[in-house]
$ cat entry_3.cif   # mmCIF, C-alpha atoms and all ligand atoms
data_run
loop_
_atom_site.label_atom_id
_atom_site.label_comp_id
_atom_site.auth_asym_id
_atom_site.auth_seq_id
_atom_site.Cartn_x
_atom_site.Cartn_y
_atom_site.Cartn_z
CA MET B 1 24.89 -7.73 26.07
CA HIS B 2 24.94 -7.15 22.35
CA LYS B 3 21.95 -5.27 20.95
CA ASN B 4 20.95 -7.93 18.44
CA SER B 5 20.86 -10.65 21.04
CA MET B 6 18.74 -8.38 23.18
CA ILE B 7 16.19 -7.99 20.38
CA LYS B 8 15.99 -11.76 20.15
CA LYS B 9 15.57 -12.11 23.90
CA SER B 10 12.92 -9.45 24.27
CA PRO B 11 9.61 -11.30 24.26
CA GLN B 12 7.73 -8.31 22.83
CA CYS B 13 10.17 -7.83 19.98
CA ARG B 14 10.24 -11.48 19.08
CA LYS B 15 6.49 -11.85 19.04
CA CYS B 16 5.25 -8.67 17.43
CA LEU B 17 6.32 -9.16 13.86
CA CYS B 18 5.00 -12.68 13.53
CA GLU B 19 1.55 -11.57 14.53
CA PHE B 20 0.47 -10.30 11.18
CA ASN B 21 -2.30 -12.39 9.77
CA ARG B 22 -1.49 -13.73 6.34
CA LEU B 23 -5.08 -14.73 5.63
CA GLU B 24 -6.40 -11.26 6.43
CA GLU B 25 -3.70 -9.74 4.23
CA ALA B 26 -4.65 -12.11 1.42
CA ARG B 27 -8.33 -11.20 1.69
CA PHE B 28 -7.55 -7.49 1.64
CA TRP B 29 -5.10 -7.64 -1.26
CA SER B 30 -7.13 -10.07 -3.39
CA ARG B 31 -9.99 -7.60 -3.48
CA ILE B 32 -7.47 -4.89 -4.41
CA MET B 33 -6.12 -7.09 -7.25
CA GLU B 34 -9.62 -7.78 -8.59
CA GLU B 35 -10.36 -4.05 -8.61
CA HIS B 36 -7.05 -3.23 -10.32
CA ALA B 37 -8.07 -5.56 -13.15
CA LEU B 38 -11.42 -3.74 -13.37
CA PHE B 39 -9.74 -0.30 -13.47
CA ILE B 40 -7.36 -1.52 -16.20
CA LYS B 41 -10.28 -2.86 -18.23
CA LEU B 42 -12.25 0.38 -17.91
CA GLY B 43 -9.18 2.39 -18.90
CA LEU B 44 -8.26 0.38 -22.00
CA PRO B 45 -9.25 1.78 -25.41
CA ALA B 46 -12.29 0.19 -27.10
CA ASP B 47 -10.13 -1.13 -29.95
CA GLN B 48 -8.15 -3.43 -27.62
CA PRO B 49 -10.59 -6.34 -27.15
CA ALA B 50 -7.87 -8.92 -26.43
CA LEU B 51 -6.39 -6.87 -23.57
CA ARG B 52 -9.84 -6.09 -22.22
CA GLU B 53 -10.65 -9.77 -22.25
CA LYS B 54 -7.42 -10.57 -20.43
CA ALA B 55 -8.31 -7.97 -17.77
CA GLN B 56 -11.74 -9.59 -17.39
CA GLU B 57 -10.05 -12.98 -16.88
CA PHE B 58 -8.16 -11.51 -13.92
CA ILE B 59 -11.36 -10.05 -12.48
CA ASP B 60 -12.96 -13.52 -12.61
CA ARG B 61 -9.83 -15.30 -11.34
CA PHE B 62 -9.50 -13.10 -8.27
CA ALA B 63 -13.26 -13.23 -7.61
CA VAL B 64 -13.00 -17.03 -7.39
CA LEU B 65 -9.90 -16.84 -5.18
CA ARG B 66 -11.69 -14.41 -2.86
CA LYS B 67 -14.56 -16.87 -2.43
CA ARG B 68 -12.08 -19.61 -1.58
CA LEU B 69 -10.27 -17.32 0.87
CA ASN B 70 -13.54 -16.59 2.65
CA LYS B 71 -14.14 -20.29 3.24
CA VAL B 72 -10.83 -21.17 4.93
CA CYS B 73 -9.31 -20.25 8.27
CA LYS B 74 -5.69 -20.78 7.22
CA LEU B 75 -3.82 -19.81 4.08
CA GLU B 76 -1.84 -22.82 2.90
CA GLY B 77 -1.47 -25.60 0.29
CA LYS B 78 -3.14 -25.38 -3.11
CA LEU B 79 -4.96 -22.12 -2.31
CA LEU B 80 -1.72 -20.37 -1.41
CA GLU B 81 -0.09 -21.77 -4.54
CA ASP B 82 -2.99 -20.64 -6.78
CA LEU B 83 -2.93 -17.20 -5.18
CA ILE B 84 0.82 -16.78 -5.67
CA ASN B 85 0.47 -17.79 -9.34
CA ALA B 86 -2.42 -15.37 -9.91
CA VAL B 87 -0.46 -12.51 -8.33
CA LYS B 88 2.63 -13.33 -10.40
CA ASP B 89 0.50 -13.35 -13.56
CA ILE B 90 -1.18 -10.03 -12.82
CA ILE B 91 2.22 -8.46 -12.10
CA GLU B 92 3.36 -9.61 -15.54
CA PHE B 93 0.15 -8.31 -17.16
CA LYS B 94 0.57 -4.88 -15.57
CA ALA B 95 4.26 -4.81 -16.57
CA LYS B 96 3.38 -5.79 -20.15
CA LEU B 97 0.81 -2.98 -20.46
CA LEU B 98 3.30 -0.50 -19.03
CA ARG B 99 5.99 -1.64 -21.48
CA LEU B 100 3.58 -1.19 -24.40
CA LEU B 101 2.91 2.39 -23.29
CA ILE B 102 6.54 3.23 -22.62
CA GLN B 103 7.48 1.98 -26.10
CA CYS B 104 4.47 3.72 -27.72
CA LYS B 105 3.23 0.38 -29.03
CA ALA B 106 -0.34 0.80 -27.73
CA GLU B 107 -2.85 3.59 -27.33
CA PRO B 108 -2.80 4.67 -23.69
CA GLY B 109 -6.56 4.84 -23.15
CA SER B 110 -6.98 6.39 -19.70
CA ASN B 111 -4.49 4.19 -17.82
CA TYR B 112 -1.65 6.48 -16.81
CA PRO B 113 1.78 4.80 -17.03
CA LEU B 114 2.41 5.78 -13.40
CA LEU B 115 -0.90 4.18 -12.41
CA LEU B 116 0.18 0.91 -14.04
CA ASP B 117 3.50 1.09 -12.23
CA HIS B 118 1.73 1.95 -8.97
CA ILE B 119 -0.60 -1.08 -9.13
CA ARG B 120 2.31 -3.27 -10.25
CA ARG B 121 4.22 -2.24 -7.10
CA GLU B 122 1.17 -2.96 -4.94
CA ALA B 123 0.96 -6.45 -6.45
CA MET B 124 4.68 -7.02 -5.78
CA HIS B 125 4.17 -5.93 -2.19
CA PHE B 126 1.37 -8.53 -1.89
CA LEU B 127 3.54 -11.23 -3.48
CA ASN B 128 6.31 -10.52 -0.97
CA LEU B 129 3.85 -10.87 1.89
CA LEU B 130 2.70 -14.23 0.55
CA ARG B 131 6.18 -15.57 -0.07
CA THR B 132 8.25 -14.46 2.88
CA PRO B 133 7.52 -14.46 6.57
CA VAL B 134 8.25 -11.11 8.18
CA ALA B 135 11.62 -11.27 9.90
CA LYS B 136 12.67 -7.67 10.46
CA ASP B 137 12.88 -5.78 13.71
CA PRO B 138 9.82 -3.56 14.34
CA LEU B 139 11.63 -0.26 13.74
CA SER B 140 13.03 -1.30 10.35
CA MET B 141 9.68 -2.74 9.39
CA LEU B 142 7.85 0.44 10.41
CA LEU B 143 10.16 2.57 8.28
CA GLN B 144 9.97 0.16 5.35
CA GLU B 145 6.16 0.24 5.44
CA GLU B 146 6.15 4.03 5.75
CA VAL B 147 8.36 4.47 2.69
CA PHE B 148 6.19 2.04 0.70
CA TRP B 149 2.83 3.52 1.73
CA LEU B 150 3.78 7.20 1.67
CA ARG B 151 4.81 6.83 -1.96
CA ILE B 152 1.47 5.11 -2.65
CA MET B 153 -0.46 7.86 -0.81
CA LYS B 154 1.39 10.63 -2.66
CA GLU B 155 0.58 8.98 -5.99
CA HIS B 156 -3.10 8.58 -5.08
CA ILE B 157 -3.30 12.34 -4.63
CA GLU B 158 -1.54 12.89 -7.96
CA PHE B 159 -4.00 10.58 -9.73
CA ILE B 160 -6.98 12.33 -8.11
CA ILE B 161 -5.65 15.75 -9.17
CA HIS B 162 -5.38 14.52 -12.77
CA LEU B 163 -8.80 12.86 -12.81
CA LEU B 164 -10.80 15.77 -11.39
CA ASP B 165 -12.39 18.15 -13.86
CA PRO B 166 -10.36 21.40 -14.10
CA SER B 167 -13.45 23.25 -12.85
CA GLU B 168 -13.24 21.46 -9.49
CA ARG B 169 -10.82 24.15 -8.28
CA GLU B 170 -11.56 23.91 -4.56
CA LEU B 171 -11.02 20.15 -4.44
CA ILE B 172 -7.93 20.38 -6.64
CA ASN B 173 -6.55 23.02 -4.31
CA GLN B 174 -7.14 20.81 -1.26
CA ALA B 175 -5.51 17.89 -3.05
CA GLN B 176 -2.48 19.98 -3.95
CA GLU B 177 -1.96 20.91 -0.31
CA LEU B 178 -2.14 17.22 0.61
CA ARG B 179 0.33 16.39 -2.15
CA LYS B 180 2.86 18.85 -0.71
CA THR B 181 2.46 17.29 2.75
CA PHE B 182 2.88 13.74 1.49
CA SER B 183 5.87 14.61 -0.71
CA ARG B 184 7.59 16.00 2.37
CA LEU B 185 6.63 13.02 4.53
CA LEU B 186 7.92 10.58 1.92
CA GLU B 187 11.25 12.38 1.65
CA THR B 188 11.62 12.36 5.43
CA ALA B 189 10.69 8.67 5.70
CA ARG B 190 13.42 7.84 3.16
CA ASP B 191 15.96 9.87 5.16
CA LEU B 192 14.99 8.18 8.44
CA GLU B 193 15.11 4.73 6.85
CA SER B 194 18.60 5.48 5.60
CA MET B 195 19.72 6.75 9.04
CA ASN B 196 18.28 3.64 10.66
CA GLU B 197 20.85 1.57 8.72
CA THR B 198 23.34 2.67 11.40
CA LYS B 199 21.22 0.61 13.86
CA PRO B 200 20.70 3.15 16.67
CA LYS B 201 19.60 1.71 20.02
CA ARG B 202 16.56 3.95 19.96
CA PHE B 203 15.20 6.35 17.40
CA ASN B 204 12.57 8.50 19.10
CA THR B 205 12.27 10.84 16.12
CA VAL B 206 10.67 7.97 14.19
CA LEU B 207 7.98 7.69 16.87
CA ARG B 208 7.22 11.41 16.63
CA PHE B 209 7.32 11.27 12.82
CA THR B 210 4.94 8.28 12.73
CA LYS B 211 2.36 10.16 14.79
CA ASP B 212 2.48 12.96 12.20
CA VAL B 213 2.16 10.37 9.42
CA ILE B 214 -0.93 8.84 11.06
CA ASN B 215 -2.57 12.27 11.50
CA SER B 216 -1.89 13.32 7.92
CA THR B 217 -3.08 9.97 6.57
CA ILE B 218 -6.34 10.27 8.53
CA GLN B 219 -6.83 13.65 6.82
CA LEU B 220 -6.15 12.11 3.42
CA ARG B 221 -8.40 9.17 4.19
CA ASN B 222 -11.26 11.57 5.00
CA PHE B 223 -10.64 13.51 1.80
CA LYS B 224 -10.90 10.28 -0.23
CA ALA B 225 -14.02 9.16 1.64
CA ALA B 226 -15.68 12.54 0.97
CA ALA B 227 -14.73 12.38 -2.73
CA PHE B 228 -16.21 8.87 -2.94
CA GLU B 229 -19.51 10.06 -1.42
CA LEU B 230 -19.67 13.01 -3.82
CA ALA B 231 -18.97 10.77 -6.82
CA LYS B 232 -21.63 8.28 -5.73
CA LEU B 233 -24.19 11.08 -5.42
CA CYS B 234 -23.18 12.42 -8.85
CA LYS B 235 -21.97 15.65 -7.23
CA LEU B 236 -18.42 15.52 -8.61
CA LEU B 237 -17.10 16.44 -12.06
CA SER B 238 -14.30 14.11 -13.06
CA ILE B 239 -13.13 11.43 -15.48
CA VAL B 240 -12.86 8.83 -12.68
CA SER B 241 -14.02 5.63 -14.42
CA THR B 242 -15.99 4.39 -11.40
CA PRO B 243 -16.52 5.80 -7.87
CA LEU B 244 -15.12 2.46 -6.68
CA LEU B 245 -11.64 3.82 -7.47
CA LEU B 246 -12.08 6.45 -4.74
CA ASP B 247 -13.27 3.85 -2.25
CA HIS B 248 -10.32 1.64 -3.25
CA VAL B 249 -7.75 4.33 -2.43
CA ARG B 250 -9.63 5.12 0.81
CA ARG B 251 -9.33 1.46 1.86
CA GLU B 252 -5.60 1.53 1.11
CA ALA B 253 -5.24 4.61 3.34
CA ASP B 254 -7.10 2.81 6.14
CA LYS B 255 -4.81 -0.20 5.69
CA PHE B 256 -1.76 2.05 6.06
CA ILE B 257 -3.21 3.71 9.18
CA ASN B 258 -3.97 0.31 10.72
CA GLU B 259 -0.47 -0.97 10.02
CA MET B 260 1.06 2.12 11.65
CA LYS B 261 -1.23 1.71 14.68
CA VAL B 262 -0.11 -1.91 15.08
CA LEU B 263 3.60 -1.29 14.54
CA LEU B 264 4.00 1.91 16.55
CA PRO B 265 3.31 0.32 19.99
CA GLU B 266 5.63 -2.57 19.07
CA VAL B 267 8.44 -0.15 18.32
CA LYS B 268 7.74 1.66 21.59
CA LYS B 269 7.86 -1.62 23.54
CA CYS B 270 11.20 -2.57 22.03
CA THR B 271 12.60 0.92 22.63
CA SER B 272 11.62 0.77 26.29
CA ALA B 273 13.13 -2.72 26.56
CA PHE B 274 16.43 -1.21 25.44
CA ARG B 275 16.09 1.67 27.84
CA GLU B 276 15.67 -0.65 30.82
CA ASN B 277 18.87 -2.41 29.83
CA ASP B 278 20.78 0.77 29.02
CA LYS B 279 23.25 0.34 31.86
CA THR B 280 24.52 -2.90 30.44
CA LEU B 281 25.13 -1.41 27.02
CA SER B 282 28.50 0.03 26.19
CA ASP B 283 27.41 2.50 23.50
FE FE B 301 -4.54 -0.24 -5.43
FE FE B 302 -3.01 2.39 -4.63
#
$ encode --input "entry_3.cif" --output "structure tokens"
Amino acid sequence: MHKNSMIKKSPQCRKCLCEFNRLEEARFWSRIMEEHALFIKLGLPADQPALREKAQEFIDRFAVLRKRLNKVCKLEGKLLEDLINAVKDIIEFKAKLLRLLIQCKAEPGSNYPLLLDHIRREAMHFLNLLRTPVAKDPLSMLLQEEVFWLRIMKEHIEFIIHLLDPSERELINQAQELRKTFSRLLETARDLESMNETKPKRFNTVLRFTKDVINSTIQLRNFKAAAFELAKLCKLLSIVSTPLLLDHVRREADKFINEMKVLLPEVKKCTSAFRENDKTLSD
């Protein structure tokens, strides 16, 4: 039997990827979008009232969408359409701000260009979730999510390093160690994703790698949570515009961990389905 037809026939493999809940995703990401608009606003220079006002419009727009999302039990119709339009607009707003900085046509304020690109990519990721149903096999999807999130996690650490006061040497040192780990993990995830293009019947190294990713991300998540607590208690020297930023990146780490914990057993199930049918496979 051909491998692809076996994936289709395996009940576990067919079911697993459709199980992601679009409404839950929308609730999670809408809050993220609202907060991005707040971070942009706080980072813009005081002499940019028009851009600050535009950022405030996005805060209000996503706040309203979040209320609507909390009232429904299915994401469809006008709400889905309004959400897609809001996400498209905020992507364009982030891209416009980034272009202004790249071309030196605006004062940077405290929004790093890489931060604008980072939150633009997160918005594009959300838009893709809203637009397209997930149709990949679990292994490809796992690797795709790992490459996306590991880049995000690595950048969070880089932002934190640059926002901490230089006197916070112990925390900066801890963050630098985490950055090294996540740079390595990202590079490996990209290699494994590339190797997976050859469509191996099983790829046990990915399972081992994903366990390492989960463990390292739990460590990073705890680091972010601790930094958030310190900032809230005014025990941290930094130029972080609001402690909410640290909670925001902690929630994104938790989201990544949860996705890995959902996808990993699915990949294992599909791998064992192949193993049972090994005798019928020619290569
Ligand atoms: Fe974010
Ligand atoms: Fe992020």
$ residues_around --input "entry_3.cif" --residues "Glu24 (chain B)" --least-positions-apart "6" --cutoff "12 Å" --atoms "all atoms listed in the file" --output "short mmCIF file (atom, residue, chain, number, x, y, z; two decimals) with C-alpha atoms, in the coordinates of the input"
data_model
loop_
_atom_site.label_atom_id
_atom_site.label_comp_id
_atom_site.auth_asym_id
_atom_site.auth_seq_id
_atom_site.Cartn_x
_atom_site.Cartn_y
_atom_site.Cartn_z
CA SER B 30 -7.13 -10.07 -3.39
CA ARG B 31 -9.99 -7.60 -3.48
CA ARG B 66 -11.69 -14.41 -2.86
CA LEU B 69 -10.27 -17.32 0.87
CA ASN B 70 -13.54 -16.59 2.65
CA VAL B 72 -10.83 -21.17 4.93
CA CYS B 73 -9.31 -20.25 8.27
CA LYS B 74 -5.69 -20.78 7.22
CA LEU B 75 -3.82 -19.81 4.08
CA PHE B 126 1.37 -8.53 -1.89
CA LEU B 129 3.85 -10.87 1.89
CA LEU B 130 2.70 -14.23 0.55
CA LYS B 255 -4.81 -0.20 5.69
#
$ closest_residue --input "entry_3.cif" --among "B:Leu116, B:Cys234, B:Met33, B:Ile90" --to "Ile102 (chain B)" --atoms "only C-alpha atoms"
B:Leu116
$ atom_distance --input "entry_3.cif" --atom1 "CA of Leu185 (chain B)" --atom2 "CA of Arg251 (chain B)"
19.9 Å
$ residues_around --input "entry_3.cif" --residues "Val64 (chain B)" --least-positions-apart "3" --cutoff "12 Å" --atoms "all atoms listed in the file" --output "list in words"
Arg27, Ser30, Arg31, Glu34, Glu57, Phe58, Ile59, Asp60, Arg61, Lys67, Arg68, Leu69, Asn70, Lys71, Leu79, Asp82, Leu83 and Ala86 of chain B
$ residues_near_ligand --input "entry_3.cif" --ligand "ligand FE 302 (chain B)" --cutoff "10 Å" --atoms "all atoms listed in the file" --output "list in words"
Ile32, His36, Leu115, His118, Ile119, Arg120, Arg121, Glu122, Ala123, Trp149, Arg151, Ile152, Met153, Lys154, Glu155, His156, Ile157, Phe159, Leu245, Leu246, His248, Val249, Arg250, Arg251, Glu252 and Ala253 of chain B
$ closest_residue --input "entry_3.cif" --among "B:Leu244, B:Leu101, B:Leu230, B:Ile161" --to "Glu177 (chain B)" --atoms "all atoms listed in the file"
B:Ile161
$ atom_distance --input "entry_3.cif" --atom1 "CA of Glu168 (chain B)" --atom2 "CA of Leu236 (chain B)"
7.9 Å
$ atom_distance --input "entry_3.cif" --atom1 "CA of Asn173 (chain B)" --atom2 "CA of Ala231 (chain B)"
17.6 Å
$ closest_residue --input "entry_3.cif" --among "B:Ser183, B:Gln174, B:Gln103, B:Ser241" --to "Lys224 (chain B)" --atoms "all atoms listed in the file"
B:Gln174
$ closest_residue --input "entry_3.cif" --among "B:Gln48, B:Gln144, B:Asn85, B:Gln56" --to "Leu97 (chain B)" --atoms "only C-alpha atoms"
B:Gln48
$ closest_residue --input "entry_3.cif" --among "B:Glu146, B:Asp247, B:Glu193, B:Glu53" --to "ligand FE 301 (chain B)" --atoms "all atoms listed in the file"
B:Asp247
$ closest_residue --input "entry_3.cif" --among "B:Ala106, B:Met124, B:Leu65, B:Ala95" --to "ligand FE 301 (chain B)" --atoms "all atoms listed in the file"
B:Met124
$ residues_around --input "entry_3.cif" --residues "Asn196 (chain B)" --least-positions-apart "4" --cutoff "9 Å" --atoms "all atoms listed in the file" --output "PyMOL selection string"
chain B and resi 139-140+143+191-192+200+203
$ residues_around --input "entry_3.cif" --residues "Leu51 (chain B)" --least-positions-apart "3" --cutoff "12 Å" --atoms "only C-alpha atoms" --output "number ranges by chain"
B: 37-38, 40-48, 54-58, 93-94, 96-97, 100, 106-107, 109
